[in-house]
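Enquirer: This is the structure, below, for whatever I ask next.
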Amino acid sequence: MTYMLKIKYTKNLTNQIFYFGFSRNNNYNLIKNWKKIIELKNPISTLDTYRLKKNKKGKIIIDLFKKYKDIPILIEFNDCKNIWLQKYKNTFPANIDTLFLTNFLRERKLSFVRSAIDVGCGQGFVGQYLLEKYHDINTLVFTDINPYAIKLAKINIAMIPKKMINKKKIIFNVSDTFDNIPKKIKFDLIVSNPPYVPYPKAKCVKGDGPYLGVYLLQKLIKESGNRLNKNGHLILNYSVISSDKVRKYLRNFNGKIIDEKTKKVSFWIKEILQDKKFLRFLIRKGLLEKKGDRYFQEIRVADIIFAENQ
Ligand SMILES: C[S@@+](CC[C@H](N)C(=O)[O-])C[C@H]1O[C@@H](n2cnc3c(N)ncnc32)[C@H](O)[C@@H]1O
């Protein structure tokens with residue numbers, strides 16, 4: 001018997017509701033009586049320890065996590081449920097940036113999409129959402145450089161009711177970006193929540209870290225034009241900290257942002273928080289905001305098209 005935490009996001013990410021449940025064998029479908037613990041408004045992170053700690057019930061969540069580090073976390077948004085288990089190394093539960101990208105996809109008219117790829121899929125939430133909500137999609141590729149991410153994405157996709165994904169071609173691929181995918185395979189939609197924080201000390205090579213380095217961001221902008229069908233779109237997240245680089249790559253590879261949304265989220269990247277010099281630089285440039293002990297960044301989700309596909 002294990003505890004399971006469910007974090008349900010309401011529409012437009014306005015609220016976050018925390019529940020506890022008990023499960024045998026991590027199967028959340030068997031949990032009937034989720035117990036509501038606490039509701040937070042305007043979430044800026046999936047597990048906002050700072051705000052949770054301020055509340056008696058929220059503190060229970062934090063204390064339980066300290067005691068049982070491997071509690072599975074179920075993230076729910078618009079009826080799409082995705083589980084995260086700590087043993088899948090270097091993966092995270094769907095975070096606020098994941099949901100921000102997903103909410104953007106919810107608002108889009110994606111009726112033109114038949115084939116899509118989720119690059120850097122992690123636990124698979126974004127691609128899973130596309131599969132569950134856009135029934136005209138017949139091919140979906142999940143790709144990540146981290147083999148544990150692909151294992152976890154497979155678990156999540158296996159939990160989708162069969163009738164929802166019958167006859168769809170679902171491919172799991174471990175590789176750097178599109179490297180293992182034959183060039184003749186093209187997509188109507190490329191989605192990605194890549195590592196989006198540039199850091200001078202990051203090597204900027206594949207596998208820098210789930211949030212650090214802009215190698216994947218750069219490679220996506222460079223190669224997506226060749227990987228998209230006519231009228232295809234690349235929809236991705238980036239941070240205000242990487243915005244200069246994103247504009248430069250877009251100029252170099254004939255990409256154009258046709259729509260964009262922004263959101264302020266918490267900034268918790270250990271390597272940068274410990275690098276006081278770089279931290280001061282980011283604050284001075286207005287790229288990071290400090291409020292009390294906490295840091296905030298603005299993230300952006302952009303809908304991009306390329307001249308060669310128009
Ligand atoms: C910020 S996490 C996003 C995970 C998930 N899509 C989400 O939104 O929660 C970035 C993901 O990109 C993957 N990644 C980093 N570099 C990559 C590369 N060069 N090729 C493919 N995946 C990469 C990481 O392993 C990680 O799972």
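Chain labels run A, B, ... following the order of the structure tokens; each chain numbers its residues from 1, and ligands are numbered from 1 in the order shown.
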Report as an MDAnalysis selection string which protein, DNA and RNA residues come within 8 Å of ligand 1, using only C-alpha atoms and all ligand atoms.

Expert: chainID A and resid 90:95 97:99 101 118:126 143:146 149 174:178 192:196 205:211 215:216 219

Enquirer: Using only C-alpha atoms, which protein or nucleic acid residues come within 12 Å of Lys162 (chain A)? Drop anything in the same chain fewer than 5 positions from it, and give the result as JSON, numbers by chain.

Expert: {"A": [131, 132, 157, 167, 168]}

Enquirer: Under the rule that only C-alpha atoms are counted, which of A:Leu13, A:Ile283, A:Leu212, A:Ile304 is the nearest residue to Arg247 (chain A)?

Expert: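 Between A:Leu13, A:Ile283, A:Leu212, A:Ile304, the residue approaching Arg247 (chain A) most closely is A:Ile304.
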
Enquirer: Considering only C-alpha atoms, return as a list of chain:residue names whatever protein or nucleic-acid residues lie within 10 Å of region 49-52 of chain A, sequence-local ones (same chain, fewer than 2 positions apart) excluded.

Expert: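 Those residues are A:Ile38, A:Glu39, A:Leu40, A:Pro43, A:Ser45, A:Thr46, A:Leu47, A:Lys54, A:Asn55, A:Lys56, A:Lys57, A:Gly58, A:Lys59, A:Ile60, A:Ile61, A:Ile62, A:Asp293, A:Arg294.
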
Enquirer: Can I get the selection written as a PDB file, in the first residue's frame, with N, CA and C atoms?

Expert:
ATOM      1  N   ILE A  38      -5.816  20.551   0.113  1.00  0.00           N
ATOM      2  CA  ILE A  38      -5.661  22.005   0.086  1.00  0.00           C
ATOM      3  C   ILE A  38      -5.793  22.497  -1.356  1.00  0.00           C
ATOM      4  N   GLU A  39      -6.206  23.753  -1.503  1.00  0.00           N
ATOM      5  CA  GLU A  39      -6.307  24.345  -2.853  1.00  0.00           C
ATOM      6  C   GLU A  39      -5.483  25.624  -2.878  1.00  0.00           C
ATOM      7  N   LEU A  40      -4.637  25.779  -3.893  1.00  0.00           N
ATOM      8  CA  LEU A  40      -3.834  27.010  -4.016  1.00  0.00           C
ATOM      9  C   LEU A  40      -4.263  27.762  -5.270  1.00  0.00           C
ATOM     10  N   PRO A  43      -1.097  29.080  -9.268  1.00  0.00           N
ATOM     11  CA  PRO A  43       0.132  28.312  -9.042  1.00  0.00           C
ATOM     12  C   PRO A  43       1.303  28.819  -9.885  1.00  0.00           C
ATOM     13  N   SER A  45       4.261  26.908  -9.620  1.00  0.00           N
ATOM     14  CA  SER A  45       5.117  25.722  -9.624  1.00  0.00           C
ATOM     15  C   SER A  45       4.226  24.528  -9.273  1.00  0.00           C
ATOM     16  N   THR A  46       4.683  23.315  -9.606  1.00  0.00           N
ATOM     17  CA  THR A  46       3.825  22.175  -9.272  1.00  0.00           C
ATOM     18  C   THR A  46       3.852  21.855  -7.782  1.00  0.00           C
ATOM     19  N   LEU A  47       5.036  21.932  -7.183  1.00  0.00           N
ATOM     20  CA  LEU A  47       5.118  21.726  -5.731  1.00  0.00           C
ATOM     21  C   LEU A  47       5.706  22.982  -5.105  1.00  0.00           C
ATOM     22  N   LYS A  54       3.352  27.227   4.556  1.00  0.00           N
ATOM     23  CA  LYS A  54       2.688  28.263   5.343  1.00  0.00           C
ATOM     24  C   LYS A  54       1.324  27.833   5.850  1.00  0.00           C
ATOM     25  N   ASN A  55       0.853  26.681   5.372  1.00  0.00           N
ATOM     26  CA  ASN A  55      -0.480  26.237   5.718  1.00  0.00           C
ATOM     27  C   ASN A  55      -0.379  24.895   6.452  1.00  0.00           C
ATOM     28  N   LYS A  56      -1.204  24.710   7.474  1.00  0.00           N
ATOM     29  CA  LYS A  56      -1.116  23.503   8.298  1.00  0.00           C
ATOM     30  C   LYS A  56      -1.280  22.233   7.441  1.00  0.00           C
ATOM     31  N   LYS A  57      -2.293  22.254   6.567  1.00  0.00           N
ATOM     32  CA  LYS A  57      -2.543  21.068   5.736  1.00  0.00           C
ATOM     33  C   LYS A  57      -1.455  20.924   4.668  1.00  0.00           C
ATOM     34  N   GLY A  58      -0.996  22.063   4.149  1.00  0.00           N
ATOM     35  CA  GLY A  58       0.069  22.030   3.150  1.00  0.00           C
ATOM     36  C   GLY A  58       1.342  21.439   3.736  1.00  0.00           C
ATOM     37  N   LYS A  59       1.547  21.724   5.022  1.00  0.00           N
ATOM     38  CA  LYS A  59       2.749  21.213   5.701  1.00  0.00           C
ATOM     39  C   LYS A  59       2.719  19.686   5.781  1.00  0.00           C
ATOM     40  N   ILE A  60       1.506  19.139   5.879  1.00  0.00           N
ATOM     41  CA  ILE A  60       1.378  17.668   5.924  1.00  0.00           C
ATOM     42  C   ILE A  60       1.950  17.081   4.634  1.00  0.00           C
ATOM     43  N   ILE A  61       1.662  17.755   3.516  1.00  0.00           N
ATOM     44  CA  ILE A  61       2.157  17.268   2.217  1.00  0.00           C
ATOM     45  C   ILE A  61       3.683  17.278   2.220  1.00  0.00           C
ATOM     46  N   ILE A  62       4.248  18.389   2.648  1.00  0.00           N
ATOM     47  CA  ILE A  62       5.711  18.507   2.645  1.00  0.00           C
ATOM     48  C   ILE A  62       6.341  17.474   3.587  1.00  0.00           C
ATOM     49  N   ASP A 293      12.848  35.752  -0.340  1.00  0.00           N
ATOM     50  CA  ASP A 293      13.896  34.749  -0.597  1.00  0.00           C
ATOM     51  C   ASP A 293      13.684  34.051  -1.925  1.00  0.00           C
ATOM     52  N   ARG A 294      12.656  34.453  -2.660  1.00  0.00           N
ATOM     53  CA  ARG A 294      12.279  33.663  -3.831  1.00  0.00           C
ATOM     54  C   ARG A 294      12.645  34.366  -5.133  1.00  0.00           C
TER      55      ARG A 294
END

Enquirer: Please return as a PyMOL selection string: the residues of region 183-294 of chain A that backbone DSSP assigns to helix (DSSP H, G or I).

Expert: chain A and resi 215-227+240-252+270-273+276-284

Enquirer: Sorted by chain and rising residue number, list the residues of region 7-26 of chain A at most 10 Å from region 31-35 of chain A (counting only C-alpha atoms), each with its closest atom pair and distance in Å to one decimal, as a Markdown table.

Expert:
| residue | atom | partner | partner_atom | distance |
| --- | --- | --- | --- | --- |
| A:Phe18 | CA | A:Lys35 | CA | 8.4 |
| A:Tyr19 | CA | A:Lys35 | CA | 5.1 |
| A:Phe20 | CA | A:Lys35 | CA | 5.2 |
| A:Gly21 | CA | A:Trp34 | CA | 4.8 |
| A:Phe22 | CA | A:Ile31 | CA | 6.5 |
| A:Ser23 | CA | A:Ile31 | CA | 6.1 |
| A:Arg24 | CA | A:Ile31 | CA | 8.8 |
| A:Asn26 | CA | A:Ile31 | CA | 9.4 |

Enquirer: When you count only C-alpha atoms, which of these residues is closest to Arg251 (chain A): A:Ile221, A:Glu289, A:Pro200, A:Thr2?

Expert: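 Closest to Arg251 (chain A) of all the choices is A:Ile221.
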
Enquirer: Taking into account only C-alpha atoms, which residue in the set A:Thr14, A:Ser239, A:Ser224, A:Asn27 is nearest to Met1 (chain A)?

Expert: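 The shortest atom-to-atom distance to Met1 (chain A) comes from A:Asn27.
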
Enquirer: Using only C-alpha atoms, pick whichever of A:Asn231, A:Ser242, A:Asn309, A:Asn173 has the shortest atom-to-atom distance to Tyr199 (chain A).

Expert: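 Smallest separation from Tyr199 (chain A) among the options: A:Ser242.
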
Enquirer: Using only C-alpha atoms, pick whichever of A:Asn138, A:Asn254, A:Thr102, A:Asn42 has the shortest atom-to-atom distance to Ser115 (chain A).

Expert: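 Smallest separation from Ser115 (chain A) among the options: A:Asn138.
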
Enquirer: Which residues are close to Glu76 (chain A), i.e. within 8 Å by only C-alpha atoms, leaving aside same-chain residues fewer than 4 positions away? Reply as number ranges by chain.

Expert: A: 6-9, 80-82

Enquirer: Generate the output file for the selected residues, N, CA and C atoms, as an mmCIF file, in the first residue's frame.

Expert:
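The new file part-v3.cif reads:
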data_model
loop_
_atom_site.group_PDB
_atom_site.id
_atom_site.type_symbol
_atom_site.label_atom_id
_atom_site.label_comp_id
_atom_site.auth_asym_id
_atom_site.auth_seq_id
_atom_site.Cartn_x
_atom_site.Cartn_y
_atom_site.Cartn_z
ATOM 1 N N LYS A 6 -2.192 13.537 -5.703
ATOM 2 C CA LYS A 6 -2.742 14.013 -6.988
ATOM 3 C C LYS A 6 -2.765 15.540 -6.946
ATOM 4 N N ILE A 7 -2.284 16.157 -8.008
ATOM 5 C CA ILE A 7 -2.370 17.616 -8.108
ATOM 6 C C ILE A 7 -3.204 17.911 -9.352
ATOM 7 N N LYS A 8 -4.378 18.443 -9.097
ATOM 8 C CA LYS A 8 -5.285 18.709 -10.214
ATOM 9 C C LYS A 8 -5.277 20.202 -10.512
ATOM 10 N N TYR A 9 -5.014 20.528 -11.764
ATOM 11 C CA TYR A 9 -5.040 21.934 -12.178
ATOM 12 C C TYR A 9 -6.398 22.252 -12.776
ATOM 13 N N CYS A 80 -6.839 14.847 -18.294
ATOM 14 C CA CYS A 80 -5.667 14.071 -18.719
ATOM 15 C C CYS A 80 -4.834 13.787 -17.465
ATOM 16 N N LYS A 81 -4.565 12.508 -17.207
ATOM 17 C CA LYS A 81 -3.863 12.129 -15.966
ATOM 18 C C LYS A 81 -2.523 11.494 -16.306
ATOM 19 N N ASN A 82 -1.485 11.962 -15.622
ATOM 20 C CA ASN A 82 -0.132 11.496 -15.939
ATOM 21 C C ASN A 82 0.617 11.276 -14.632
#

Enquirer: With a distance cut-off of 12 Å and only C-alpha atoms, select the neighbouring residues of Ser111 (chain A), excluding the residue or stretch itself and same-chain residues fewer than 6 positions from it, and output the selection as number ranges by chain.

Expert: A: 105, 130, 133-138, 188-189, 232

Enquirer: Just the number, please: distance in Å from CA of Leu5 (chain A) to CA of Gln128 (chain A), one decimal.

Expert: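 Value for the CA of Leu5 (chain A)-CA of Gln128 (chain A) distance: 19.8 Å.
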
Enquirer: Identify, on the basis of only C-alpha atoms, every residue whose closest approach to Ile241 (chain A) does not exceed 9 Å; exclude the query and any residue fewer than 4 positions from it along the same chain; express the result as an MDAnalysis selection string.

Expert: chainID A and resid 196:198 245 282 287:288 297:299
